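Peer 1: Data: final_6.csv, CSV, C-alpha atoms.
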chain,number,residue,atom,x,y,z
A,1,MET,CA,-57.0,60.0,-1.7
A,2,LEU,CA,-54.1,57.6,-1.8
A,3,LEU,CA,-51.2,59.0,-3.9
A,4,LEU,CA,-49.8,56.4,-6.2
A,5,ASP,CA,-48.0,58.3,-8.9
A,6,ARG,CA,-44.2,57.9,-9.5
A,7,GLU,CA,-43.5,60.9,-7.2
A,8,HIS,CA,-45.3,59.4,-4.2
A,9,CYS,CA,-45.0,55.6,-4.6
A,10,GLY,CA,-41.8,53.9,-3.6
A,11,GLU,CA,-42.8,50.7,-5.4
A,12,CYS,CA,-42.8,52.6,-8.6
A,13,SER,CA,-39.1,53.4,-8.3
A,14,SER,CA,-36.7,51.4,-10.4
A,15,GLY,CA,-34.9,48.7,-8.5
A,16,SER,CA,-36.7,49.1,-5.2
A,17,SER,CA,-39.4,47.0,-3.6
A,18,MET,CA,-39.9,49.5,-0.8
A,19,LYS,CA,-43.6,50.0,-0.1
A,20,TYR,CA,-43.9,53.8,0.1
A,21,PHE,CA,-47.1,55.7,-0.2
A,22,GLU,CA,-48.7,58.9,1.2
A,23,LEU,CA,-52.2,59.4,2.5
A,24,GLN,CA,-54.2,62.5,2.8
A,25,PRO,CA,-55.0,63.3,6.4
A,26,GLU,CA,-58.6,62.4,6.0
A,27,ASN,CA,-57.6,58.9,4.8
A,28,ASN,CA,-55.0,58.2,7.5
A,29,THR,CA,-54.8,54.6,8.7
A,30,PHE,CA,-51.9,54.8,11.1
A,31,SER,CA,-52.7,54.7,14.8
A,32,ASN,CA,-49.4,56.5,15.7
A,33,ILE,CA,-48.2,59.5,13.7
A,34,VAL,CA,-44.7,60.9,14.2
A,35,VAL,CA,-44.4,64.6,13.9
A,36,ASP,CA,-40.9,66.1,13.7
A,37,ILE,CA,-41.6,69.6,15.0
A,38,THR,CA,-37.9,70.8,14.9
A,39,HIS,CA,-34.5,69.7,13.7
A,40,LYS,CA,-32.7,71.6,16.4
A,41,CYS,CA,-31.0,69.8,19.2
A,42,GLN,CA,-28.5,70.6,22.0
A,43,MET,CA,-26.7,67.2,21.4
A,44,GLU,CA,-24.8,65.6,18.6
A,45,CYS,CA,-25.3,61.9,19.2
A,46,ALA,CA,-23.4,59.2,17.5
A,47,ASN,CA,-26.7,57.7,16.4
A,48,CYS,CA,-29.3,60.0,15.0
A,49,TYR,CA,-31.8,59.3,12.2
A,50,ILE,CA,-32.3,63.0,11.4
A,51,PRO,CA,-28.9,64.7,11.8
A,52,ASN,CA,-29.6,67.6,9.5
A,53,ARG,CA,-30.0,70.8,11.6
A,54,ASN,CA,-30.5,73.3,8.8
A,55,ILE,CA,-34.2,72.8,8.3
A,56,PRO,CA,-36.9,75.3,9.5
A,57,ASP,CA,-39.2,74.4,12.3
A,58,LEU,CA,-42.6,72.8,11.4
A,59,ASP,CA,-45.3,75.4,10.9
A,60,LYS,CA,-47.6,74.9,13.9
A,61,HIS,CA,-50.7,76.5,12.3
A,62,LYS,CA,-50.4,74.0,9.4
A,63,LEU,CA,-50.0,71.3,11.9
A,64,PHE,CA,-53.1,72.3,13.7
A,65,ASP,CA,-55.0,72.2,10.4
A,66,PHE,CA,-53.6,68.7,9.8
A,67,LEU,CA,-54.7,67.5,13.2
A,68,GLN,CA,-58.3,68.6,12.6
A,69,ARG,CA,-58.4,66.6,9.3
A,70,LEU,CA,-57.5,63.2,10.8
A,71,PRO,CA,-60.4,60.8,10.7
A,72,PHE,CA,-60.0,59.2,14.2
A,73,ARG,CA,-58.2,59.7,17.5
A,74,SER,CA,-54.5,59.0,17.0
A,75,TYR,CA,-51.3,59.0,19.1
A,76,ILE,CA,-49.4,62.1,18.0
A,77,ARG,CA,-45.7,61.4,18.8
A,78,ILE,CA,-44.0,64.8,19.0
A,79,ILE,CA,-40.4,64.4,18.4
A,80,GLY,CA,-37.4,66.2,16.8
A,81,ALA,CA,-34.4,66.2,16.8
A,82,GLU,CA,-35.3,67.6,20.2
A,83,PRO,CA,-38.9,69.0,20.6
A,84,THR,CA,-38.2,70.9,23.8
A,85,MET,CA,-36.0,73.3,21.7
A,86,ARG,CA,-39.3,74.9,20.7
A,87,GLU,CA,-40.7,77.4,23.1
A,88,ASP,CA,-44.2,76.7,21.9
A,89,LEU,CA,-44.1,73.0,22.7
A,90,PRO,CA,-46.7,73.4,25.5
A,91,GLU,CA,-49.0,75.1,23.0
A,92,ILE,CA,-48.6,72.3,20.5
A,93,ILE,CA,-49.3,69.7,23.2
A,94,THR,CA,-52.5,71.5,24.2
A,95,ALA,CA,-53.6,71.7,20.5
A,96,VAL,CA,-53.1,68.0,20.0
A,97,LYS,CA,-55.4,67.4,23.0
A,98,LYS,CA,-57.9,70.1,21.8
A,99,TYR,CA,-58.3,68.3,18.5
A,100,GLY,CA,-59.0,65.0,20.1
A,101,HIS,CA,-55.7,63.2,19.9
A,102,ARG,CA,-53.2,61.8,22.4
A,103,PRO,CA,-49.9,63.6,22.6
A,104,SER,CA,-46.6,62.1,23.6
A,105,VAL,CA,-43.1,63.7,23.6
A,106,THR,CA,-39.8,61.9,22.9
A,107,THR,CA,-37.0,63.9,24.4
A,108,ASN,CA,-33.4,63.8,25.4
A,109,GLY,CA,-34.6,65.1,28.8
A,110,LEU,CA,-32.1,67.9,29.3
A,111,LYS,CA,-34.7,70.7,29.7
A,112,LEU,CA,-36.7,68.4,32.0
A,113,ALA,CA,-33.9,68.6,34.6
A,114,ARG,CA,-35.9,71.7,35.7
A,115,PRO,CA,-39.0,70.5,37.6
A,116,GLU,CA,-41.0,73.6,36.7
A,117,TYR,CA,-40.6,72.7,33.0
A,118,VAL,CA,-41.9,69.2,33.6
A,119,GLN,CA,-44.9,70.6,35.3
A,120,LYS,CA,-45.4,73.1,32.5
A,121,LEU,CA,-45.6,70.2,30.0
A,122,LYS,CA,-48.0,68.3,32.3
A,123,ASP,CA,-50.2,71.3,32.7
A,124,ALA,CA,-50.3,71.6,28.9
A,125,GLY,CA,-51.9,68.2,28.7
A,126,LEU,CA,-49.0,65.9,28.2
A,127,ARG,CA,-49.7,62.4,29.5
A,128,LEU,CA,-46.7,60.3,28.1
A,129,LEU,CA,-43.0,60.9,27.8
A,130,LEU,CA,-40.3,58.8,26.2
A,131,HIS,CA,-37.0,59.8,27.8
A,132,SER,CA,-33.7,58.8,26.1
A,133,MET,CA,-31.2,57.4,28.5
A,134,ASN,CA,-28.5,55.7,26.6
A,135,GLY,CA,-26.0,55.6,29.5
A,136,ALA,CA,-28.3,55.3,32.5
A,137,ASP,CA,-26.2,57.2,35.1
A,138,ASP,CA,-22.8,56.6,33.4
A,139,ASP,CA,-21.1,59.6,31.8
A,140,GLU,CA,-18.4,57.4,30.2
A,141,VAL,CA,-21.2,55.8,28.1
A,142,TYR,CA,-22.8,59.1,27.3
A,143,LYS,CA,-19.5,60.5,26.1
A,144,ILE,CA,-19.3,57.7,23.5
A,145,LEU,CA,-22.9,57.5,22.4
A,146,ASP,CA,-24.1,61.0,23.0
A,147,GLU,CA,-20.8,63.0,22.9
A,148,GLY,CA,-21.2,64.7,26.3
A,149,LYS,CA,-21.5,64.2,30.0
A,150,TRP,CA,-25.3,64.1,30.3
A,151,ALA,CA,-25.8,61.7,33.2
A,152,THR,CA,-26.6,64.2,35.9
A,153,ALA,CA,-29.2,66.1,33.9
A,154,LYS,CA,-30.8,62.9,32.6
A,155,VAL,CA,-31.1,61.3,36.0
A,156,ARG,CA,-32.5,64.6,37.5
A,157,ALA,CA,-35.0,64.7,34.6
A,158,LEU,CA,-36.3,61.2,35.3
A,159,LYS,CA,-36.7,62.1,39.0
A,160,ASN,CA,-38.6,65.2,38.1
A,161,ILE,CA,-40.9,63.2,35.8
A,162,PHE,CA,-41.6,60.7,38.6
A,163,ASP,CA,-42.3,63.6,41.1
A,164,ALA,CA,-44.8,65.1,38.6
A,165,ARG,CA,-46.4,61.6,38.3
A,166,LEU,CA,-46.1,61.7,34.5
A,167,PRO,CA,-46.3,58.4,32.7
A,168,VAL,CA,-42.8,57.7,31.3
A,169,ASN,CA,-41.0,55.2,29.1
A,170,THR,CA,-37.3,55.2,28.5
A,171,GLY,CA,-35.2,54.5,25.4
A,172,THR,CA,-31.7,53.0,25.6
A,173,ILE,CA,-29.5,52.2,22.6
A,174,ILE,CA,-27.3,49.2,23.2
A,175,ALA,CA,-24.1,49.3,21.2
A,176,LYS,CA,-21.8,46.3,20.8
A,177,GLY,CA,-18.8,46.6,23.0
A,178,VAL,CA,-19.9,49.9,24.6
A,179,ASN,CA,-22.8,49.6,27.0
A,180,GLU,CA,-24.1,46.1,27.5
A,181,ARG,CA,-24.2,46.6,31.2
A,182,THR,CA,-26.4,49.6,30.8
A,183,MET,CA,-29.3,47.2,30.2
A,184,ARG,CA,-29.3,46.2,33.9
A,185,ARG,CA,-28.2,49.6,35.2
A,186,GLN,CA,-31.0,51.4,33.5
A,187,VAL,CA,-33.5,49.2,35.2
A,188,GLU,CA,-31.8,49.8,38.6
A,189,VAL,CA,-31.7,53.6,38.1
A,190,PHE,CA,-35.3,53.7,37.0
A,191,THR,CA,-36.4,51.6,40.0
A,192,ASP,CA,-34.3,53.6,42.5
A,193,LEU,CA,-35.6,57.0,41.3
A,194,ALA,CA,-39.2,55.8,41.3
A,195,GLU,CA,-38.8,54.5,44.8
A,196,LYS,CA,-37.3,57.8,46.0
A,197,SER,CA,-40.5,59.5,44.6
A,198,GLY,CA,-42.7,57.2,46.6
A,199,ILE,CA,-43.9,55.2,43.7
A,200,ASN,CA,-45.0,51.6,43.5
A,201,PHE,CA,-45.6,50.5,39.9
A,202,ASN,CA,-48.4,48.2,40.9
A,203,THR,CA,-50.4,50.6,43.1
A,204,THR,CA,-49.4,54.2,42.4
A,205,ALA,CA,-51.3,56.1,39.7
A,206,PRO,CA,-50.7,56.5,36.8
A,207,TYR,CA,-48.1,53.7,36.7
A,208,ASN,CA,-50.6,51.1,37.9
A,209,ARG,CA,-52.6,51.9,34.7
A,210,ILE,CA,-49.9,52.8,32.3
A,211,THR,CA,-47.0,50.4,32.9
A,212,PRO,CA,-43.6,51.9,32.3
A,213,VAL,CA,-41.8,50.4,29.3
A,214,LEU,CA,-38.0,50.4,29.2
A,215,ARG,CA,-36.9,50.1,25.6
A,216,MET,CA,-33.6,48.5,24.8
A,217,LYS,CA,-32.8,49.2,21.1
A,218,SER,CA,-30.1,48.1,18.7
A,219,VAL,CA,-28.2,50.8,16.8
A,220,GLY,CA,-30.4,51.9,13.9
A,221,LEU,CA,-28.6,51.7,10.6
A,222,ILE,CA,-30.1,54.9,9.3
A,223,GLY,CA,-29.1,58.6,9.3
A,224,ARG,CA,-25.9,59.1,11.3
A,225,HIS,CA,-25.0,55.9,13.1
A,226,MET,CA,-22.1,53.9,14.6
A,227,GLN,CA,-20.6,51.2,12.4
A,228,ASP,CA,-20.5,47.5,13.3
A,229,SER,CA,-22.3,48.2,16.6
A,230,SER,CA,-25.8,46.8,16.0
A,231,TYR,CA,-27.3,43.8,17.8
A,232,SER,CA,-29.7,41.4,16.2
A,233,MET,CA,-32.9,40.5,18.0
A,234,GLU,CA,-31.5,37.1,19.0
A,235,GLU,CA,-28.4,38.8,20.4
A,236,LEU,CA,-30.6,41.3,22.4
A,237,MET,CA,-32.6,38.5,23.8
A,238,ASP,CA,-29.4,36.6,24.9
A,239,LEU,CA,-28.2,39.8,26.5
A,240,ALA,CA,-31.4,40.2,28.4
A,241,VAL,CA,-31.1,36.7,29.7
A,242,LYS,CA,-27.5,37.4,30.8
A,243,GLU,CA,-28.0,40.9,32.3
A,244,LEU,CA,-31.6,40.7,33.7
A,245,GLY,CA,-32.0,37.0,34.4
A,246,VAL,CA,-35.1,36.6,32.3
A,247,LYS,CA,-35.9,33.2,30.9
A,248,LYS,CA,-36.0,33.2,27.1
A,249,GLU,CA,-39.3,31.4,27.0
A,250,ASN,CA,-40.8,34.4,28.9
A,251,ILE,CA,-39.9,36.9,26.2
A,252,PHE,CA,-42.9,37.2,23.9
A,253,GLU,CA,-43.4,38.7,20.4
A,254,THR,CA,-45.2,42.0,20.2
A,255,SER,CA,-46.1,44.6,17.6
A,256,SER,CA,-44.7,48.1,17.7
A,257,GLY,CA,-48.2,49.7,18.2
A,258,VAL,CA,-49.8,50.4,21.6
A,259,VAL,CA,-48.2,48.4,24.3
A,260,LYS,CA,-50.2,45.5,25.8
A,261,ALA,CA,-48.9,43.4,28.7
A,262,GLY,CA,-49.0,40.0,27.0
A,263,PRO,CA,-48.6,38.2,23.7
A,264,GLN,CA,-50.4,39.8,20.8
A,265,ASP,CA,-52.0,38.4,17.6
A,266,GLY,CA,-53.0,40.0,14.4
A,267,ASP,CA,-50.2,42.5,13.9
A,268,ARG,CA,-46.8,41.9,12.4
A,269,MET,CA,-44.5,41.2,15.3
A,270,THR,CA,-41.6,43.6,15.2
A,271,SER,CA,-40.2,43.6,18.8
A,272,ARG,CA,-39.9,41.4,21.9
A,273,MET,CA,-41.1,42.2,25.4
A,274,PHE,CA,-41.2,40.7,28.8
A,275,GLU,CA,-42.5,41.6,32.3
A,276,TYR,CA,-39.8,42.4,34.8
A,277,LYS,CA,-40.6,42.4,38.5
A,278,THR,CA,-38.8,45.0,40.6
A,279,ARG,CA,-39.0,45.4,44.3
A,280,ILE,CA,-41.6,48.2,43.8
A,281,GLY,CA,-43.7,46.5,41.2
A,282,THR,CA,-43.8,45.3,37.6
A,283,ILE,CA,-42.4,47.1,34.6
A,284,LEU,CA,-42.1,46.0,30.9
A,285,ILE,CA,-38.8,45.6,29.0
A,286,ARG,CA,-39.1,45.9,25.2
A,287,LEU,CA,-36.3,44.8,22.9
A,288,VAL,CA,-36.2,46.5,19.5
A,289,ASP,CA,-34.1,45.4,16.6
A,290,TRP,CA,-33.4,48.4,14.3
A,291,SER,CA,-31.5,46.5,11.6
A,292,VAL,CA,-32.6,47.2,8.1
A,293,ASN,CA,-34.0,45.1,5.2
A,294,ASP,CA,-32.6,44.9,1.7
A,295,ASP,CA,-34.0,48.4,0.9
A,296,GLY,CA,-32.3,49.9,3.9
A,297,VAL,CA,-35.5,50.4,5.8
A,298,VAL,CA,-35.8,50.0,9.6
A,299,ASP,CA,-39.0,48.4,10.9
A,300,HIS,CA,-40.3,48.1,7.4
A,301,ASP,CA,-44.0,47.7,6.5
A,302,ASN,CA,-45.1,48.8,10.0
A,303,PRO,CA,-48.9,49.3,9.7
A,304,ASN,CA,-49.1,51.3,13.0
A,305,ARG,CA,-46.6,54.0,12.7
A,306,GLY,CA,-46.8,56.8,10.2
A,307,ARG,CA,-45.0,60.1,9.8
A,308,LEU,CA,-46.2,63.6,8.8
A,309,THR,CA,-44.4,64.4,5.5
A,310,GLU,CA,-43.3,67.7,4.0
A,311,ASN,CA,-46.4,67.5,1.8
A,312,TRP,CA,-48.7,67.5,4.9
A,313,THR,CA,-49.7,63.9,4.1
A,314,VAL,CA,-48.9,60.7,6.2
A,315,ALA,CA,-46.4,58.1,5.0
A,316,PRO,CA,-45.0,54.9,6.6
A,317,PHE,CA,-42.5,56.2,9.1
A,318,PHE,CA,-39.1,54.7,8.4
A,319,GLU,CA,-39.8,54.4,4.7
A,320,HIS,CA,-40.3,58.2,4.6
A,321,VAL,CA,-37.2,58.8,6.7
A,322,LEU,CA,-35.1,56.8,4.2
A,323,ARG,CA,-36.7,58.3,1.1
A,324,ASN,CA,-36.3,61.8,2.5
A,325,GLU,CA,-33.0,61.2,4.3
A,326,GLY,CA,-31.1,64.5,4.9
A,327,GLY,CA,-34.2,66.6,4.3
A,328,TYR,CA,-37.8,67.1,5.5
The structure in this file should be written as structure tokens.
Peer 2:
Amino acid sequence: MLLLDREHCGECSSGSSMKYFELQPENNTFSNIVVDITHKCQMECANCYIPNRNIPDLDKHKLFDFLQRLPFRSYIRIIGAEPTMREDLPEIITAVKKYGHRPSVTTNGLKLARPEYVQKLKDAGLRLLLHSMNGADDDEVYKILDEGKWATAKVRALKNIFDARLPVNTGTIIAKGVNERTMRRQVEVFTDLAEKSGINFNTTAPYNRITPVLRMKSVGLIGRHMQDSSYSMEELMDLAVKELGVKKENIFETSSGVVKAGPQDGDRMTSRMFEYKTRIGTILIRLVDWSVNDDGVVDHDNPNRGRLTENWTVAPFFEHVLRNEGGY
């Protein structure tokens, strides 16, 4: 049942046009569901949409019940703060697979600097990682954006991921005046490490089937974030032209659902993407503008991405983050 009372509908709130609603699991319509399994993290990044650390971990047994109630196979995006802070992460991954869904994990990668941990996640059934690398291999950038010298651990983690042949995407926040050159450097580091692992993106499984996506994102104006550091989409495209030599006419619009290698129709276009040919095959570069609308919502009205709420319902992702900011 769709919940439309004043408690659960953002459109009912005075002075707001935000389209907020919650769906019972059986009526879920989102293909991607974000599940924040913990608010713990080893890092204190300058940009974090859920900076509150004083919230208990998600009850895994209630999560398993929720997964069984979903009406169709969904992408379950296991995130945090930092999901690897939970010792039972492999069990959660296995349960997502058991109940017929596709698990992915978004991580800062620090624990993945140990190859045995990467293998443990793969053995649990993980088939997609999103690895945050805001500074590529540059500690000076990490000190500004992520308040620590994380380059060695993050680079080692990516190499371990390649060695384990796990599909991987990376996420890089581009902040004005801080790390513009990281856009190119991240591509170089990604390519170098894959090559050292004997990978060709066009011929080596699983990368010949699941093309890696390197996401270059503006600073999201939500939660804890840097001031006056966010790029617009037009500025991100100009930066890609400058740093990566792509022609602007080759950057196509895309939705923020499942990645497809080519222009898409039918969904609201919320990001830009282009193919990038490296010496070891083709990858995809996605540009994401995380600026907000008049209601302060990032990526508003996204029909693909929902979030598990504290009520064990599903709501639009960033609308719920904003409505529930500081809590969960």
Peer 1: Please, what distance in Å, to one decimal, runs between atom CA of Thr211 of chain A and atom CA of Asn160 of chain A?
Peer 2: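 Rounded to one decimal, the two atoms are 17.8 Å apart.
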Peer 1: Find the residues around Leu287 of chain A up to 12 Å (only C-alpha atoms counted), leave out those fewer than 3 positions away in its own chain, and share them as a PyMOL selection string.
Peer 2: chain A and resi 170-174+183+213-219+231-241+251-256+269-275+284+290
Peer 1: For segment 305-311 of chain A, list every protein, DNA or RNA residue within 6 Å, evaluated using all atoms listed in the file, and leave out those in the same chain fewer than 4 positions away; present the list as a list in words.
Peer 2: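 The filter keeps Phe30, Asn32, Ile33, Val34, Val35, Ala315, Pro316, Phe317 and Tyr328 of chain A.
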Peer 1: Show me as a ChimeraX atom specification the residues that reach within 10 Å of (-37.3, 74.5, 7.3), counting all atoms listed in the file and using the file's own coordinates.
Peer 2: /A:38-39,53-59,310,327-328
Peer 1: Between A:Lys120, A:Lys159, A:Lys98, A:Arg185, which is the closest to Val141 of chain A once you count only C-alpha atoms?
Peer 2: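 Once distances to Val141 of chain A are computed over only C-alpha atoms, the minimum belongs to A:Arg185.
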Peer 1: Return segment 109-120 of chain A, completed with all heavy atoms, as a CSV table (one decimal), in the frame of the given file.
Peer 2:
chain,number,residue,atom,x,y,z
A,109,GLY,N,-34.4,64.9,27.4
A,109,GLY,CA,-34.6,65.1,28.8
A,109,GLY,C,-33.8,66.3,29.4
A,109,GLY,O,-34.0,66.6,30.6
A,110,LEU,N,-32.9,66.9,28.7
A,110,LEU,CA,-32.1,67.9,29.3
A,110,LEU,C,-32.9,69.1,29.9
A,110,LEU,O,-32.6,69.5,31.0
A,110,LEU,CB,-31.1,68.5,28.2
A,110,LEU,CG,-30.1,67.4,27.7
A,110,LEU,CD1,-29.0,68.1,26.8
A,110,LEU,CD2,-29.5,66.6,28.7
A,111,LYS,N,-33.9,69.6,29.2
A,111,LYS,CA,-34.7,70.7,29.7
A,111,LYS,C,-35.6,70.2,30.9
A,111,LYS,O,-36.0,71.0,31.7
A,111,LYS,CB,-35.5,71.4,28.6
A,111,LYS,CG,-34.6,72.2,27.7
A,111,LYS,CD,-35.5,73.0,26.7
A,111,LYS,CE,-36.2,74.1,27.4
A,111,LYS,NZ,-36.9,75.0,26.4
A,112,LEU,N,-35.8,68.9,30.9
A,112,LEU,CA,-36.7,68.4,32.0
A,112,LEU,C,-35.9,68.2,33.3
A,112,LEU,O,-36.5,67.8,34.3
A,112,LEU,CB,-37.3,67.0,31.6
A,112,LEU,CG,-38.5,67.1,30.7
A,112,LEU,CD1,-38.1,67.6,29.2
A,112,LEU,CD2,-39.2,65.8,30.6
A,113,ALA,N,-34.7,68.6,33.3
A,113,ALA,CA,-33.9,68.6,34.6
A,113,ALA,C,-34.4,69.8,35.5
A,113,ALA,O,-34.0,69.8,36.6
A,113,ALA,CB,-32.4,68.8,34.3
A,114,ARG,N,-35.2,70.7,34.9
A,114,ARG,CA,-35.9,71.7,35.7
A,114,ARG,C,-37.3,71.3,36.0
A,114,ARG,O,-38.1,71.1,35.1
A,114,ARG,CB,-35.9,73.0,34.9
A,114,ARG,CG,-34.5,73.6,34.7
A,114,ARG,CD,-34.6,75.0,34.1
A,114,ARG,NE,-35.0,74.9,32.7
A,114,ARG,CZ,-36.1,75.4,32.2
A,114,ARG,NH1,-37.0,76.0,33.0
A,114,ARG,NH2,-36.4,75.4,30.9
A,115,PRO,N,-37.7,71.1,37.3
A,115,PRO,CA,-39.0,70.5,37.6
A,115,PRO,C,-40.1,71.4,37.2
A,115,PRO,O,-41.2,70.9,36.8
A,115,PRO,CB,-39.0,70.4,39.2
A,115,PRO,CG,-37.8,71.3,39.6
A,115,PRO,CD,-36.8,71.3,38.5
A,116,GLU,N,-39.9,72.7,37.1
A,116,GLU,CA,-41.0,73.6,36.7
A,116,GLU,C,-41.3,73.4,35.2
A,116,GLU,O,-42.5,73.6,34.8
A,116,GLU,CB,-40.6,75.1,36.9
A,116,GLU,CG,-39.4,75.6,36.2
A,116,GLU,CD,-38.1,75.4,36.9
A,116,GLU,OE1,-38.1,74.5,37.9
A,116,GLU,OE2,-37.1,76.0,36.6
A,117,TYR,N,-40.3,73.0,34.4
A,117,TYR,CA,-40.6,72.7,33.0
A,117,TYR,C,-41.4,71.4,32.8
A,117,TYR,O,-42.3,71.4,32.0
A,117,TYR,CB,-39.3,72.6,32.2
A,117,TYR,CG,-39.5,72.5,30.7
A,117,TYR,CD1,-39.9,73.6,30.0
A,117,TYR,CD2,-39.3,71.3,30.1
A,117,TYR,CE1,-40.1,73.4,28.6
A,117,TYR,CE2,-39.5,71.1,28.7
A,117,TYR,CZ,-39.9,72.2,28.0
A,117,TYR,OH,-40.1,72.1,26.6
A,118,VAL,N,-41.1,70.4,33.6
A,118,VAL,CA,-41.9,69.2,33.6
A,118,VAL,C,-43.3,69.5,33.9
A,118,VAL,O,-44.3,69.0,33.2
A,118,VAL,CB,-41.3,68.1,34.5
A,118,VAL,CG1,-42.2,66.9,34.6
A,118,VAL,CG2,-39.9,67.8,34.2
A,119,GLN,N,-43.5,70.3,34.9
A,119,GLN,CA,-44.9,70.6,35.3
A,119,GLN,C,-45.6,71.4,34.3
A,119,GLN,O,-46.8,71.3,34.0
A,119,GLN,CB,-44.9,71.4,36.6
A,119,GLN,CG,-46.3,71.6,37.3
A,119,GLN,CD,-46.9,70.3,37.6
A,119,GLN,OE1,-46.3,69.5,38.3
A,119,GLN,NE2,-48.2,70.2,37.2
A,120,LYS,N,-44.9,72.3,33.6
A,120,LYS,CA,-45.4,73.1,32.5
A,120,LYS,C,-46.0,72.1,31.4
A,120,LYS,O,-47.0,72.4,30.8
A,120,LYS,CB,-44.4,74.0,31.9
A,120,LYS,CG,-44.9,75.0,30.9
A,120,LYS,CD,-43.8,76.0,30.5
A,120,LYS,CE,-44.3,77.1,29.6
A,120,LYS,NZ,-43.3,78.1,29.3
